[in-house]
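**Q** The following block contains the structure, expressed as structure tokens.
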Amino acid sequence: MSHWRGAILCLSLLIIGCGEPASEQGFAGLDSADTEAADFQQPGPGDRLQFPQDFGPHPAHRIEWWYLTANLETDQGEALGLQWTQFRQALKPRSMDEPRPPASDWPLEAAWMAHGAVSFQEQHYFAEKLARGDVSQAGAIASPLQVWLDDWQLTAGPDNDRWHLQVKGDDWDYELWLSNTHDRVAHGDQGFSAKSASGEGSMYFSLVDLQIEGTVTLGEDTHEVSGQGWFDREWSSQFLKAGQQGWDWFALHLADNYKLMAFRLREGDDDFL
């Protein structure tokens, strides 16, 4: 949680630049005190998920992410944790019906950031990448699913069934194949996940039972791995209300095969659960 919260903050600071101090815009510029957010489409309880479109980008919304966490085991029976997230933060909105500006014009509609990590034998490996969007350096396509930033890539087969993920740090990398064995889970009110009592929120769905196999290379050692993963897809424009300072999030695979996701938004003595 701490790494990707920091990633959003870094991306926000990159975009804010020499404008208002970040403290005046709320955490990552995502609270309702930020007047620029009013230019973007706001999720609400009446919104509904649409597939396969919602695997792709939402240019009318301000921020979104594709997020994988995995609990894996090596062929030697050792536990290995793994994470990958790609963020998109828009600088200006564009409706789904509007054509994308040509890359030859060097447009700057959005900035992208990716974060990858591996935890193994009490060691933690991670890397981050930043890119401008709209010039093919980074982006996403709904179907067949593609999410990329330079050579970090998540791709799917023609039916969006079996996924392939490649991520590479300075002295580590992983290559994974992911298969979904469970229906998509829509959080909150048919996909609208409230983040405060006053109505801020996001559209949010998950694939909670991905079966994963592949290889993880750490230094000179390559490990065959397999296990379970959890994939989140979320987008919003005013994720937090003024005064909220971040969130804690847990996704659990329980021994009886049940899945549990819980989060809280931190707001002093008045946390939103």
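How things are named: the first chain in the structure tokens is A, the next is B, and so on; residues count from 1 in each chain; ligands count from 1 in the order shown.
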For segment 181-193 of chain A, work out the shell of residues within 9 Å, counting only C-alpha atoms and skipping chain neighbours fewer than 6 positions away, then give it as a VMD selection string.
**A** chain A and resid 43 to 49 200 to 211
**Q** Find the residues around Ile212 of chain A up to 6 Å (only C-alpha atoms counted), leave out those fewer than 4 positions away in its own chain, and share them as number ranges by chain.
**A** A: 177-178, 226-228
**Q** Quick check, in Å to one decimal: how far apart do atom CA of Gly246 of chain A and atom CA of Gln83 of chain A lie?
**A** 19.5 Å
**Q** Can you tell me which residues surround segment 54-57 of chain A at a distance of at most 12 Å, considering only C-alpha atoms, apart from same-chain residues fewer than 4 positions away, and format the answer as a PyMOL selection string?
**A** chain A and resi 47-50+61-67+86-90+93-96+100+110+112+133-134+138-148+154-156+160+184+186+191+203-207+231-236
**Q** So, with only C-alpha atoms as the atoms that count, which of A:Trp230, A:Trp249, A:Trp106, A:Trp163 lies closest to Thr69 of chain A?
**A**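 The closest residue to Thr69 of chain A is A:Trp230.
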**Q** Per DSSP on the backbone, what are the strand (DSSP E or B) residues of segment 65-174 of chain A, as a VMD selection string?
**A** chain A and resid 65 to 74 79 to 90 110 to 120 123 to 132 138 to 141 146 to 149 152 to 156 162 to 168 172 to 174
**Q** Tell me which of A:Asp150, A:Ser136, A:Leu80, A:Thr222 sits closest to His124 of chain A, counting only C-alpha atoms.
**A**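 Residue with the minimum atom-to-atom distance to His124 of chain A: A:Leu80.
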**Q** Taking the backbone alone, and naming residues the way the document does, which bits of segment 11-145 of chain A are alpha helix (DSSP H) by DSSP, as JSON, numbers by chain?
**A** {"A": [11, 12, 13, 14, 15, 16, 22, 23, 24, 25]}
**Q** Keeping all heavy atoms for every residue in the selection just given, could you write it to a file as a CSV table (one decimal), in the first residue's frame?
**A**
chain,number,residue,atom,x,y,z
A,11,LEU,N,3.5,11.1,-8.9
A,11,LEU,CA,2.9,11.4,-10.2
A,11,LEU,C,2.1,12.7,-10.1
A,11,LEU,O,2.2,13.6,-11.0
A,11,LEU,CB,1.9,10.3,-10.6
A,11,LEU,CG,1.3,10.4,-12.0
A,11,LEU,CD1,2.3,10.5,-13.1
A,11,LEU,CD2,0.4,9.2,-12.2
A,12,SER,N,1.4,12.9,-9.0
A,12,SER,CA,0.7,14.2,-8.8
A,12,SER,C,1.6,15.4,-8.7
A,12,SER,O,1.4,16.4,-9.4
A,12,SER,CB,-0.1,14.1,-7.5
A,12,SER,OG,-0.8,15.3,-7.3
A,13,LEU,N,2.8,15.2,-8.0
A,13,LEU,CA,3.7,16.3,-7.9
A,13,LEU,C,4.3,16.6,-9.3
A,13,LEU,O,4.6,17.8,-9.6
A,13,LEU,CB,4.8,16.0,-6.9
A,13,LEU,CG,4.3,15.9,-5.4
A,13,LEU,CD1,5.4,15.4,-4.5
A,13,LEU,CD2,3.8,17.2,-4.9
A,14,LEU,N,4.6,15.6,-10.1
A,14,LEU,CA,5.1,15.8,-11.4
A,14,LEU,C,4.2,16.7,-12.2
A,14,LEU,O,4.6,17.6,-12.9
A,14,LEU,CB,5.3,14.4,-12.1
A,14,LEU,CG,5.7,14.5,-13.5
A,14,LEU,CD1,7.1,15.0,-13.7
A,14,LEU,CD2,5.6,13.1,-14.1
A,15,ILE,N,2.9,16.4,-12.1
A,15,ILE,CA,1.9,17.1,-12.9
A,15,ILE,C,1.6,18.5,-12.3
A,15,ILE,O,1.5,19.5,-13.1
A,15,ILE,CB,0.6,16.3,-12.9
A,15,ILE,CG1,0.8,15.0,-13.7
A,15,ILE,CG2,-0.6,17.1,-13.5
A,15,ILE,CD1,-0.3,14.1,-13.6
A,16,ILE,N,1.6,18.6,-11.0
A,16,ILE,CA,1.3,19.9,-10.4
A,16,ILE,C,2.4,20.9,-10.7
A,16,ILE,O,2.2,22.1,-11.0
A,16,ILE,CB,1.2,19.8,-8.8
A,16,ILE,CG1,-0.1,19.0,-8.5
A,16,ILE,CG2,1.1,21.2,-8.2
A,16,ILE,CD1,-0.2,18.6,-7.1
A,22,ALA,N,1.1,21.2,-3.1
A,22,ALA,CA,0.3,19.9,-3.0
A,22,ALA,C,-0.6,19.9,-1.8
A,22,ALA,O,-1.7,19.4,-1.9
A,22,ALA,CB,1.2,18.7,-3.0
A,23,SER,N,-0.2,20.5,-0.7
A,23,SER,CA,-1.0,20.5,0.5
A,23,SER,C,-2.3,21.2,0.3
A,23,SER,O,-3.3,20.9,1.0
A,23,SER,CB,-0.3,21.1,1.7
A,23,SER,OG,0.1,22.5,1.4
A,24,GLU,N,-2.4,22.2,-0.6
A,24,GLU,CA,-3.6,22.9,-0.9
A,24,GLU,C,-4.6,22.1,-1.8
A,24,GLU,O,-5.7,22.4,-1.9
A,24,GLU,CB,-3.3,24.3,-1.5
A,24,GLU,CG,-2.6,25.2,-0.5
A,24,GLU,CD,-2.3,26.5,-1.1
A,24,GLU,OE1,-2.9,26.8,-2.2
A,24,GLU,OE2,-1.5,27.3,-0.6
A,25,GLN,N,-4.0,21.1,-2.5
A,25,GLN,CA,-4.9,20.4,-3.4
A,25,GLN,C,-5.3,19.0,-2.8
A,25,GLN,O,-6.0,18.3,-3.5
A,25,GLN,CB,-4.1,20.1,-4.7
A,25,GLN,CG,-3.7,21.4,-5.4
A,25,GLN,CD,-3.3,21.2,-6.8
A,25,GLN,OE1,-3.5,20.1,-7.3
A,25,GLN,NE2,-2.9,22.2,-7.5
**Q** Looking at A:Gly229, A:Glu98, A:His58, A:Leu165, which one is nearest to Gly81 of chain A, with distances taken over only C-alpha atoms?
**A**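 Nearest to Gly81 of chain A: A:Gly229.
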